[in-house]
$ cat entry23.txt   # compact mmCIF, N, CA and C atoms and all ligand atoms
# COMPACT_ATOMS: atom_id res chain seq x y z
N MET A 1 -3.20 -14.62 11.62
CA MET A 1 -1.77 -14.90 11.48
C MET A 1 -1.04 -13.57 11.26
N ARG A 2 0.08 -13.43 11.91
CA ARG A 2 0.84 -12.20 11.77
C ARG A 2 1.95 -12.41 10.74
N LEU A 3 2.05 -11.50 9.80
CA LEU A 3 3.09 -11.59 8.77
C LEU A 3 4.08 -10.46 8.93
N GLU A 4 5.37 -10.82 8.87
CA GLU A 4 6.41 -9.80 8.84
C GLU A 4 6.68 -9.45 7.39
N LEU A 5 6.55 -8.17 7.05
CA LEU A 5 6.64 -7.79 5.64
C LEU A 5 8.02 -7.29 5.23
N CYS A 6 8.62 -6.46 6.06
CA CYS A 6 9.91 -5.87 5.69
C CYS A 6 10.45 -5.14 6.90
N SER A 7 11.66 -4.64 6.72
CA SER A 7 12.25 -3.78 7.74
C SER A 7 11.77 -2.35 7.49
N THR A 8 11.62 -1.58 8.56
CA THR A 8 11.22 -0.18 8.36
C THR A 8 12.27 0.56 7.51
N ASP A 9 13.52 0.12 7.59
CA ASP A 9 14.59 0.76 6.81
C ASP A 9 14.45 0.53 5.31
N ASP A 10 13.64 -0.47 4.93
CA ASP A 10 13.48 -0.80 3.51
C ASP A 10 12.59 0.20 2.79
N VAL A 11 11.83 0.99 3.55
CA VAL A 11 10.84 1.89 2.92
C VAL A 11 11.10 3.31 3.41
N ALA A 12 11.76 4.08 2.60
CA ALA A 12 12.06 5.47 2.98
C ALA A 12 10.77 6.28 3.01
N GLU A 13 10.79 7.35 3.79
CA GLU A 13 9.62 8.22 3.88
C GLU A 13 9.21 8.71 2.49
N GLY A 14 7.91 8.66 2.22
CA GLY A 14 7.42 9.13 0.92
C GLY A 14 7.55 8.13 -0.20
N THR A 15 7.92 6.88 0.16
CA THR A 15 8.05 5.85 -0.88
C THR A 15 7.22 4.63 -0.50
N ALA A 16 7.22 3.65 -1.42
CA ALA A 16 6.51 2.40 -1.18
C ALA A 16 7.37 1.23 -1.65
N LEU A 17 7.07 0.08 -1.08
CA LEU A 17 7.80 -1.14 -1.43
C LEU A 17 6.79 -2.24 -1.70
N LYS A 18 7.02 -3.00 -2.76
CA LYS A 18 6.15 -4.15 -3.03
C LYS A 18 6.70 -5.36 -2.27
N VAL A 19 5.81 -6.04 -1.56
CA VAL A 19 6.19 -7.23 -0.81
C VAL A 19 5.23 -8.36 -1.18
N GLU A 20 5.79 -9.49 -1.58
CA GLU A 20 4.94 -10.63 -1.92
C GLU A 20 5.06 -11.67 -0.82
N HIS A 21 3.91 -12.24 -0.47
CA HIS A 21 3.87 -13.21 0.62
C HIS A 21 2.82 -14.23 0.26
N GLY A 22 3.22 -15.43 -0.16
CA GLY A 22 2.24 -16.41 -0.60
C GLY A 22 1.43 -15.84 -1.76
N ASP A 23 0.10 -15.85 -1.61
CA ASP A 23 -0.77 -15.32 -2.67
C ASP A 23 -0.91 -13.81 -2.61
N LEU A 24 -0.38 -13.18 -1.59
CA LEU A 24 -0.58 -11.74 -1.42
C LEU A 24 0.52 -10.94 -2.11
N ALA A 25 0.10 -9.90 -2.79
CA ALA A 25 1.05 -8.90 -3.30
C ALA A 25 0.65 -7.59 -2.65
N LEU A 26 1.53 -7.06 -1.84
CA LEU A 26 1.20 -5.92 -0.99
C LEU A 26 2.09 -4.73 -1.31
N ALA A 27 1.56 -3.54 -1.04
CA ALA A 27 2.36 -2.33 -1.13
C ALA A 27 2.48 -1.76 0.28
N VAL A 28 3.72 -1.57 0.72
CA VAL A 28 3.98 -0.99 2.04
C VAL A 28 4.40 0.46 1.83
N PHE A 29 3.67 1.38 2.43
CA PHE A 29 3.95 2.81 2.28
C PHE A 29 4.48 3.38 3.58
N ASN A 30 5.36 4.36 3.45
CA ASN A 30 5.83 5.13 4.60
C ASN A 30 5.40 6.57 4.39
N VAL A 31 4.37 6.99 5.15
CA VAL A 31 3.88 8.36 5.07
C VAL A 31 4.32 9.09 6.33
N GLU A 32 5.31 9.93 6.21
CA GLU A 32 5.84 10.71 7.32
C GLU A 32 6.15 9.84 8.53
N GLY A 33 6.76 8.68 8.26
CA GLY A 33 7.22 7.82 9.35
C GLY A 33 6.19 6.81 9.85
N THR A 34 4.96 6.87 9.32
CA THR A 34 3.95 5.88 9.68
C THR A 34 3.75 4.93 8.50
N PHE A 35 3.62 3.65 8.81
CA PHE A 35 3.56 2.64 7.76
C PHE A 35 2.12 2.20 7.51
N TYR A 36 1.80 2.07 6.22
CA TYR A 36 0.46 1.65 5.78
C TYR A 36 0.63 0.55 4.74
N VAL A 37 -0.30 -0.40 4.76
CA VAL A 37 -0.19 -1.53 3.84
C VAL A 37 -1.52 -1.69 3.10
N MET A 38 -1.43 -1.89 1.80
CA MET A 38 -2.62 -2.17 0.99
C MET A 38 -2.26 -3.20 -0.08
N ASN A 39 -3.28 -3.73 -0.74
CA ASN A 39 -3.00 -4.60 -1.87
C ASN A 39 -2.24 -3.80 -2.92
N ASP A 40 -1.25 -4.45 -3.54
CA ASP A 40 -0.45 -3.74 -4.53
C ASP A 40 -1.21 -3.53 -5.83
N LEU A 41 -2.13 -4.44 -6.14
CA LEU A 41 -2.82 -4.37 -7.42
C LEU A 41 -3.94 -3.34 -7.37
N CYS A 42 -3.93 -2.43 -8.31
CA CYS A 42 -4.99 -1.43 -8.43
C CYS A 42 -6.31 -2.14 -8.66
N THR A 43 -7.40 -1.60 -8.09
CA THR A 43 -8.71 -2.23 -8.27
C THR A 43 -9.27 -1.95 -9.67
N HIS A 44 -8.60 -1.14 -10.43
CA HIS A 44 -9.12 -0.76 -11.75
C HIS A 44 -8.45 -1.53 -12.89
N GLY A 45 -7.35 -2.17 -12.64
CA GLY A 45 -6.64 -2.83 -13.74
C GLY A 45 -5.29 -3.33 -13.27
N PRO A 46 -4.34 -3.36 -14.19
CA PRO A 46 -3.05 -4.00 -13.88
C PRO A 46 -2.04 -3.11 -13.17
N GLY A 47 -2.41 -1.91 -12.76
CA GLY A 47 -1.45 -1.01 -12.13
C GLY A 47 -0.91 -1.57 -10.81
N SER A 48 0.38 -1.34 -10.58
CA SER A 48 1.04 -1.73 -9.33
C SER A 48 1.17 -0.48 -8.47
N LEU A 49 0.42 -0.44 -7.35
CA LEU A 49 0.36 0.80 -6.57
C LEU A 49 1.69 1.15 -5.91
N SER A 50 2.53 0.16 -5.65
CA SER A 50 3.85 0.47 -5.08
C SER A 50 4.71 1.23 -6.09
N GLU A 51 4.32 1.18 -7.35
CA GLU A 51 5.07 1.91 -8.38
C GLU A 51 4.37 3.21 -8.75
N GLY A 52 3.32 3.54 -8.01
CA GLY A 52 2.56 4.76 -8.29
C GLY A 52 3.30 5.99 -7.82
N TYR A 53 2.71 7.13 -8.14
CA TYR A 53 3.26 8.41 -7.73
C TYR A 53 2.64 8.78 -6.38
N ILE A 54 3.47 9.06 -5.38
CA ILE A 54 2.98 9.32 -4.03
C ILE A 54 3.05 10.81 -3.75
N ASP A 55 1.91 11.35 -3.29
CA ASP A 55 1.87 12.76 -2.89
C ASP A 55 1.21 12.81 -1.52
N GLY A 56 2.01 12.92 -0.49
CA GLY A 56 1.46 12.93 0.87
C GLY A 56 0.83 11.58 1.18
N ASP A 57 -0.49 11.60 1.47
CA ASP A 57 -1.15 10.33 1.79
C ASP A 57 -2.03 9.85 0.63
N VAL A 58 -1.67 10.27 -0.57
CA VAL A 58 -2.40 9.82 -1.77
C VAL A 58 -1.41 9.14 -2.71
N VAL A 59 -1.84 8.00 -3.27
CA VAL A 59 -1.03 7.35 -4.29
C VAL A 59 -1.81 7.37 -5.60
N GLU A 60 -1.08 7.72 -6.65
CA GLU A 60 -1.69 7.78 -7.98
C GLU A 60 -1.18 6.59 -8.80
N CYS A 61 -2.12 5.80 -9.26
CA CYS A 61 -1.78 4.64 -10.08
C CYS A 61 -1.06 5.10 -11.34
N ASN A 62 -0.01 4.37 -11.70
CA ASN A 62 0.76 4.81 -12.86
C ASN A 62 0.18 4.28 -14.16
N PHE A 63 -0.99 3.67 -14.09
CA PHE A 63 -1.59 3.10 -15.30
C PHE A 63 -2.60 4.05 -15.93
N HIS A 64 -3.64 4.44 -15.15
CA HIS A 64 -4.62 5.40 -15.69
C HIS A 64 -4.79 6.58 -14.74
N ASN A 65 -3.85 6.73 -13.82
CA ASN A 65 -3.82 7.91 -12.94
C ASN A 65 -4.99 8.01 -11.95
N GLY A 66 -5.63 6.88 -11.65
CA GLY A 66 -6.60 6.86 -10.55
C GLY A 66 -5.84 7.07 -9.24
N GLN A 67 -6.53 7.64 -8.23
CA GLN A 67 -5.86 7.93 -6.96
C GLN A 67 -6.58 7.29 -5.79
N PHE A 68 -5.78 6.82 -4.82
CA PHE A 68 -6.30 6.21 -3.60
C PHE A 68 -5.70 6.90 -2.38
N ASP A 69 -6.51 6.93 -1.32
CA ASP A 69 -6.01 7.37 -0.01
C ASP A 69 -5.19 6.22 0.58
N ILE A 70 -3.93 6.49 0.85
CA ILE A 70 -3.03 5.43 1.34
C ILE A 70 -3.48 4.94 2.72
N LYS A 71 -4.08 5.82 3.52
CA LYS A 71 -4.44 5.45 4.90
C LYS A 71 -5.70 4.60 4.96
N THR A 72 -6.64 4.85 4.02
CA THR A 72 -7.93 4.15 4.10
C THR A 72 -8.22 3.25 2.91
N GLY A 73 -7.51 3.44 1.82
CA GLY A 73 -7.79 2.68 0.60
C GLY A 73 -8.94 3.25 -0.22
N GLU A 74 -9.57 4.32 0.28
CA GLU A 74 -10.71 4.91 -0.45
C GLU A 74 -10.23 5.55 -1.75
N VAL A 75 -11.14 5.58 -2.72
CA VAL A 75 -10.84 6.23 -3.99
C VAL A 75 -10.82 7.74 -3.79
N VAL A 76 -9.78 8.40 -4.28
CA VAL A 76 -9.69 9.86 -4.23
C VAL A 76 -10.04 10.44 -5.60
N SER A 77 -9.66 9.72 -6.64
CA SER A 77 -9.90 10.23 -7.99
C SER A 77 -10.10 9.06 -8.94
N PRO A 78 -11.08 9.15 -9.87
CA PRO A 78 -11.33 8.07 -10.82
C PRO A 78 -10.20 8.00 -11.87
N PRO A 79 -10.11 7.00 -12.71
CA PRO A 79 -11.20 6.08 -13.09
C PRO A 79 -11.44 4.92 -12.13
N CYS A 80 -10.58 4.69 -11.15
CA CYS A 80 -10.87 3.58 -10.23
C CYS A 80 -12.13 3.95 -9.43
N MET A 81 -12.94 2.95 -9.13
CA MET A 81 -14.20 3.16 -8.42
C MET A 81 -14.23 2.37 -7.11
N ILE A 82 -13.47 1.32 -7.05
CA ILE A 82 -13.54 0.39 -5.92
C ILE A 82 -12.36 0.65 -4.99
N PRO A 83 -12.64 0.81 -3.70
CA PRO A 83 -11.52 1.02 -2.76
C PRO A 83 -10.55 -0.16 -2.79
N VAL A 84 -9.32 0.11 -2.47
CA VAL A 84 -8.33 -0.97 -2.41
C VAL A 84 -8.24 -1.46 -0.97
N LYS A 85 -8.08 -2.75 -0.80
CA LYS A 85 -8.06 -3.33 0.55
C LYS A 85 -6.80 -2.91 1.29
N THR A 86 -7.01 -2.46 2.52
CA THR A 86 -5.87 -2.08 3.36
C THR A 86 -5.75 -3.07 4.53
N TYR A 87 -4.59 -3.08 5.13
CA TYR A 87 -4.31 -3.98 6.26
C TYR A 87 -3.70 -3.14 7.37
N PRO A 88 -4.28 -3.19 8.58
CA PRO A 88 -3.66 -2.44 9.68
C PRO A 88 -2.23 -2.92 9.91
N ALA A 89 -1.31 -1.99 9.91
CA ALA A 89 0.10 -2.34 10.04
C ALA A 89 0.61 -1.95 11.43
N THR A 90 1.50 -2.75 11.94
CA THR A 90 2.16 -2.41 13.20
C THR A 90 3.67 -2.50 12.99
N VAL A 91 4.39 -1.75 13.80
CA VAL A 91 5.85 -1.77 13.74
C VAL A 91 6.36 -2.27 15.07
N GLU A 92 7.26 -3.22 14.99
CA GLU A 92 7.85 -3.77 16.20
C GLU A 92 9.29 -4.17 15.92
N GLY A 93 10.19 -3.72 16.74
CA GLY A 93 11.60 -4.09 16.57
C GLY A 93 12.14 -3.74 15.20
N GLY A 94 11.66 -2.63 14.64
CA GLY A 94 12.19 -2.18 13.35
C GLY A 94 11.64 -2.95 12.17
N ALA A 95 10.56 -3.70 12.35
CA ALA A 95 9.95 -4.43 11.24
C ALA A 95 8.48 -4.08 11.14
N VAL A 96 7.93 -4.22 9.93
CA VAL A 96 6.52 -3.91 9.67
C VAL A 96 5.74 -5.22 9.59
N PHE A 97 4.64 -5.27 10.33
CA PHE A 97 3.80 -6.49 10.39
C PHE A 97 2.37 -6.15 10.01
N ILE A 98 1.67 -7.14 9.44
CA ILE A 98 0.21 -7.04 9.32
C ILE A 98 -0.39 -8.32 9.88
N GLU A 99 -1.69 -8.22 10.13
CA GLU A 99 -2.48 -9.34 10.63
C GLU A 99 -3.34 -9.80 9.46
N VAL A 100 -3.26 -11.08 9.07
CA VAL A 100 -4.15 -11.59 8.03
C VAL A 100 -4.86 -12.83 8.55
N ASP A 101 -5.98 -13.18 7.90
CA ASP A 101 -6.78 -14.34 8.32
C ASP A 101 -6.02 -15.64 8.06
S1 LIG A 201 -5.14 0.35 -13.41
FE1 LIG A 201 -5.00 1.80 -11.81
S2 LIG A 201 -6.23 3.47 -12.47
FE2 LIG A 201 -6.48 1.96 -14.03
$ encode --input "entry23.txt" --output "structure tokens" --more "lines below"
Ligand code: FES
Amino acid sequence: MRLELCSTDDVAEGTALKVEHGDLALAVFNVEGTFYVMNDLCTHGPGSLSEGYIDGDVVECNFHNGQFDIKTGEVVSPPCMIPVKTYPATVEGGAVFIEVD
């Protein structure tokens, strides 16, 4: 199923937006004009990754400062150990979409 998450205009370059859709809480990132989507909830605890500190393609959780690669969801820096789930994002007609089961 394809989900429309937001308008590309809603997420300025270098920022993130939290989007909730049914049971999903997602963080939509704009890294130099390319959009990436991951689960908003940090895998380490209650941190909201859309509220994290963004440096290039790395987001730092604002709870215990764990870092994730925005493009792959891989852990860049502990204390988080588990990668965060990412969703391939596409842009069409000025909107950001992901594909979910
Ligand atoms: S909750 Fe994100 S690093 Fe701990």
$ residues_near_ligand --input "entry23.txt" --ligand "ligand LIG 201 (chain A)" --cutoff "9 Å" --atoms "only C-alpha atoms and all ligand atoms" --output "NGL selection string"
:A and (41-49 or 52 or 60-67 or 77-81)
$ residues_around --input "entry23.txt" --residues "Thr72 of chain A" --least-positions-apart "4" --cutoff "7 Å" --atoms "all atoms listed in the file" --output "list in words"
Phe68, Pro83, Val84, Lys85 and Thr86 of chain A
$ write_last_selection --input "entry23.txt" --atoms "N, CA and C atoms" --output "tab-separated table (two decimals), in the frame of the given file"
chain	number	residue	atom	x	y	z
A	68	PHE	N	-5.78	6.82	-4.82
A	68	PHE	CA	-6.30	6.21	-3.60
A	68	PHE	C	-5.70	6.90	-2.38
A	83	PRO	N	-12.64	0.81	-3.70
A	83	PRO	CA	-11.52	1.02	-2.76
A	83	PRO	C	-10.55	-0.16	-2.79
A	84	VAL	N	-9.32	0.11	-2.47
A	84	VAL	CA	-8.33	-0.97	-2.41
A	84	VAL	C	-8.24	-1.46	-0.97
A	85	LYS	N	-8.08	-2.75	-0.80
A	85	LYS	CA	-8.06	-3.33	0.55
A	85	LYS	C	-6.80	-2.91	1.29
A	86	THR	N	-7.01	-2.46	2.52
A	86	THR	CA	-5.87	-2.08	3.36
A	86	THR	C	-5.75	-3.07	4.53
$ residues_around --input "entry23.txt" --residues "segment 25-36 of chain A" --least-positions-apart "6" --cutoff "6.5 Å" --atoms "only N, CA and C atoms" --output "CSV table (one decimal) with N, CA and C atoms, in the frame of the given file"
chain,number,residue,atom,x,y,z
A,11,VAL,N,11.8,1.0,3.6
A,11,VAL,CA,10.8,1.9,2.9
A,11,VAL,C,11.1,3.3,3.4
A,12,ALA,N,11.8,4.1,2.6
A,12,ALA,CA,12.1,5.5,3.0
A,12,ALA,C,10.8,6.3,3.0
A,13,GLU,N,10.8,7.4,3.8
A,13,GLU,CA,9.6,8.2,3.9
A,13,GLU,C,9.2,8.7,2.5
A,14,GLY,N,7.9,8.7,2.2
A,14,GLY,CA,7.4,9.1,0.9
A,14,GLY,C,7.6,8.1,-0.2
A,15,THR,N,7.9,6.9,0.2
A,15,THR,CA,8.0,5.8,-0.9
A,15,THR,C,7.2,4.6,-0.5
A,16,ALA,N,7.2,3.6,-1.4
A,16,ALA,CA,6.5,2.4,-1.2
A,16,ALA,C,7.4,1.2,-1.6
A,17,LEU,N,7.1,0.1,-1.1
A,17,LEU,CA,7.8,-1.1,-1.4
A,17,LEU,C,6.8,-2.2,-1.7
A,18,LYS,N,7.0,-3.0,-2.8
A,18,LYS,CA,6.2,-4.2,-3.0
A,18,LYS,C,6.7,-5.4,-2.3
A,19,VAL,N,5.8,-6.0,-1.6
A,19,VAL,CA,6.2,-7.2,-0.8
A,19,VAL,C,5.2,-8.4,-1.2
A,49,LEU,N,0.4,-0.4,-7.4
A,49,LEU,CA,0.4,0.8,-6.6
A,49,LEU,C,1.7,1.2,-5.9
A,50,SER,N,2.5,0.2,-5.6
A,50,SER,CA,3.8,0.5,-5.1
A,50,SER,C,4.7,1.2,-6.1
A,56,GLY,N,2.0,12.9,-0.5
A,56,GLY,CA,1.5,12.9,0.9
A,56,GLY,C,0.8,11.6,1.2
A,57,ASP,N,-0.5,11.6,1.5
A,57,ASP,CA,-1.2,10.3,1.8
A,57,ASP,C,-2.0,9.8,0.6
A,70,ILE,N,-3.9,6.5,0.8
A,70,ILE,CA,-3.0,5.4,1.3
A,70,ILE,C,-3.5,4.9,2.7
A,71,LYS,N,-4.1,5.8,3.5
A,71,LYS,CA,-4.4,5.4,4.9
A,71,LYS,C,-5.7,4.6,5.0
A,87,TYR,N,-4.6,-3.1,5.1
A,87,TYR,CA,-4.3,-4.0,6.3
A,87,TYR,C,-3.7,-3.1,7.4
A,89,ALA,N,-1.3,-2.0,9.9
A,89,ALA,CA,0.1,-2.3,10.0
A,89,ALA,C,0.6,-2.0,11.4
$ residues_around --input "entry23.txt" --residues "Cys6 of chain A" --least-positions-apart "3" --cutoff "7 Å" --atoms "all atoms listed in the file" --output "list of chain:residue names"
A:Leu3, A:Asp9, A:Asp10, A:Gly94, A:Ala95, A:Val96, A:Phe97
$ select_by_dssp --input "entry23.txt" --residues "chain A" --states "strand (DSSP E or B)" --output "ChimeraX atom specification"
/A:2-7,16-21,24-31,34-39,41,48,53-55,58-60,67-69,75-77,86-87,89-92,95-99
